[in-house]
Protein chains: 10
Amino acid sequence: MEFLVSIEVRLPPDMDPAARETVLAGETTRGQELMKAGVIVRIWRVPGRLANVAIWQAANATELHELLTSLPVWPYAQIEVTALATHPLEADSIV
Amino acid sequence: MEFLVSIEVRLPPDMDPAARETVLAGETTRGQELMKAGVIVRIWRVPGRLANVAIWQAANATELHELLTSLPVWPYAQIEVTALATHPLEADSIV
Amino acid sequence: MEFLVSIEVRLPPDMDPAARETVLAGETTRGQELMKAGVIVRIWRVPGRLANVAIWQAANATELHELLTSLPVWPYAQIEVTALATHPLEADSIV
Amino acid sequence: MEFLVSIEVRLPPDMDPAARETVLAGETTRGQELMKAGVIVRIWRVPGRLANVAIWQAANATELHELLTSLPVWPYAQIEVTALATHPLEADSIV
Amino acid sequence: MEFLVSIEVRLPPDMDPAARETVLAGETTRGQELMKAGVIVRIWRVPGRLANVAIWQAANATELHELLTSLPVWPYAQIEVTALATHPLEADSIV
Amino acid sequence: MEFLVSIEVRLPPDMDPAARETVLAGETTRGQELMKAGVIVRIWRVPGRLANVAIWQAANATELHELLTSLPVWPYAQIEVTALATHPLEADSIV
Amino acid sequence: MEFLVSIEVRLPPDMDPAARETVLAGETTRGQELMKAGVIVRIWRVPGRLANVAIWQAANATELHELLTSLPVWPYAQIEVTALATHPLEADSIV
Amino acid sequence: MEFLVSIEVRLPPDMDPAARETVLAGETTRGQELMKAGVIVRIWRVPGRLANVAIWQAANATELHELLTSLPVWPYAQIEVTALATHPLEADSIV
Amino acid sequence: MEFLVSIEVRLPPDMDPAARETVLAGETTRGQELMKAGVIVRIWRVPGRLANVAIWQAANATELHELLTSLPVWPYAQIEVTALATHPLEADSIV
Amino acid sequence: MEFLVSIEVRLPPDMDPAARETVLAGETTRGQELMKAGVIVRIWRVPGRLANVAIWQAANATELHELLTSLPVWPYAQIEVTALATHPLEADSIV
């Protein structure tokens, strides 16, 4: 099942630079793992913001929650999830 | 998988009374079917409004969409869906 | 009487880790008590957020307020309450 | 139990004048009954709008819903309900 | 003249406990004075929040502002004021 | 006592032109009366909209409501009222 | 360049059934063309609503506007467009 | 003085096609006049909507209002105006 | 040209009392200057808030911006500006 | 391709004055570079706020994101981007 996930990260402006680097580097590593595993199907940057929208693949919302909370930026993130249904245009294209 | 579904129905005030009756009677019948089938797990009336909040059980968002569009009030409804994850307190209580 | 209660917890990112653990551990304990007592009827995690939606059973809003303020996360929580009426579909199913 | 209820009425500008009169006259009659019965504890007009805020007394949200739907303006009304808890200042004053 | 006043208090989670106690104790004392003086006509707790809605009686908005700023929680409060007009149902009941 | 009043008028695009003229001409006449009477203290057009913001003078919200409902556009208007308190800068300037 | 496009369709409940069918059938045909052309990259149904979210590929916003207004449902649609930037995780995966 | 003006046009879906054509053709003619006169400095289409954002030049808000209400689409338009101040970067570039 | 300006000031609750006094005293002095100069035409307190609404007179938005940023509370203020056009009722009254 | 970009900067009131100066001076320098390069086509100050609206020229959203994150105020900025399509009135004027 696919989900549309919007993530906006709000790192405090006065955050320790080293801590900031650690979080962002960890985020890249974890993101790469999730892409290789097929969990993050597609991901885009929202221009001008430390934010992204992405398509996530998970068995259900419970698994999705575990995956989202595995992100190093999670304590700093505002996350919105929309459950997605198959659209007839894609169902047709499968035939 | 469970979903929190909010449905607000807006029947036009000048709707033909017979058509209104037909829609609402059909809604009751369809609602009873969905409750017996275990699709609507719980349902509550929002006081003062032709609206309800309910817990729906469906395999995924695609099946949920088919179920929601089977409601006779669907053309008049404003529907909001939130995918729900298992909460640790309920997971614990299973043990 | 049942209430739909949405709770979003905002722990400061720079919160002392031990204090954070204490609050969250206390929350689990209190939550288990409230479930055993039948106060929390059902509870779900909102995916991607330190948030939940739940059905609470209380005699009235005054008792509900006392129960909600007994949660260790209360000073950090944003809480929304909706009073719920019995829906005809559930009233029918009782007969 | 008391509820804060906001009611905004939107009668269509092209509504038949006689029908409009009937609805508004019926509303006054029903409102007087509910005040005499102690259901509407206090009621105020929101200046400039066909709207009011009021304190309603009902056993619970189910009874409140039945009372609100008994209003002749109900099909034209937008209604918001807030469940109210006893405030310590009023609890103290009872002692 | 009566006003509907909503007050939400946001005390910082890391506020000094003694200072917090002082503010809240002062609030109770001031609240009792305002109730005895007939300024606060009715007051309710919004369940789950450090918030209340109340009916305030004041000669006009200028006097109301002075009364509201006399509250010890004022520096921490978010306040919304709605001016209330007499509703015909209450005007009738006076006759 | 003064009030900040925002009025937005929504005349249906398919309104009968003569009826439209009657409403708008009546509005001008009534507006002139209210200005001469000192009820409308100042009034401005919101650019690009059939809307205005104005300062109204009335004994209280009840009188204000009667004045606002005397406007011919009232059935088509969306009205927002803010009660205004005297600002110290104006109080000082009186001295 | 890719765009996130949300489309919500509001067909009037009293729309002529044949006209409704014509619009929706034309929408399917046009959607299939746009998918085959690689314009609509991915598309999902928002559960419970006559709405979808999709990823559109277009040279720029001008071309996107022409493509969106070619949809038969366009006169009934509420459309939101978000320009998307390449996310580093996808840029990396290209390497 | 320059203003940022957002205009969204909502033509009723069941509008008479000839009337629709007349309005839109008149809009193009009037727009061309306003561009030649230097009133509309720049204008863009918001993709997917019958909407535009533009920079308007007018002596003040009163003149702007007269210009905006001269548009044939005005009775169908939702208009938002933001007064713009000179930015130091443009002031500098003049030197 | 006149502008409707809403200013809400958010002084941090833990602000140094002396600094707070300095800002607020400076604000009063600057406000008195602006009133004497005819820049602030009228000003009102929004009851219950450290906020005001006022009518400002300035040649244009650029001058208005300079005047607003001359306020000592500016770094703590949330400011909303609405450009105002002359209303026909005031234009008429000039004749 | 052009974009409408709104930038609101929120510098903490207790920010070190030297750091504040450094950020704002760097912002001016970077802004001048972007104007000379034709990236910032037009820019305006939103009166009363540390905010601007501007027209940015970039090949696509990815390039725009890189340009926006090159601003020294970026860590303190709230940025909204709207992709702009060519309006027929400007397309005509090119001919």
# chains A, B, ... in the order shown; residues from 1 in each chain; ligands from 1
>>> residues_around(residues="E:Leu11", least_positions_apart="5", cutoff="9 Å", atoms="only C-alpha atoms", output="PyMOL selection string")
(chain C and resi 75) or (chain E and resi 20+50+73+76-77)
>>> select_by_dssp(residues="chain B", states="strand (DSSP E or B)", output="ChimeraX atom specification")
/B:2-9,40-45,51-57,77-83,85-86
>>> interface_residues(of="chain J", to="chain H", cutoff="12 Å", atoms="only C-alpha atoms", output="ChimeraX atom specification")
/J:1-4,6,24-25,27-36,40-55,81-93
>>> select_by_dssp(residues="chain E", states="helix (DSSP H, G or I)", output="ChimeraX atom specification")
/E:17-36,61-68,74-76,88-94
>>> atom_distance(atom1="atom CA of C:Val9", atom2="atom CA of A:Gln78")
11.9 Å
>>> atom_distance(atom1="atom CA of D:Asn60", atom2="atom CA of C:Ala59")
8.9 Å
>>> atom_distance(atom1="atom CA of C:Ala58", atom2="atom CA of C:Val39")
6.6 Å
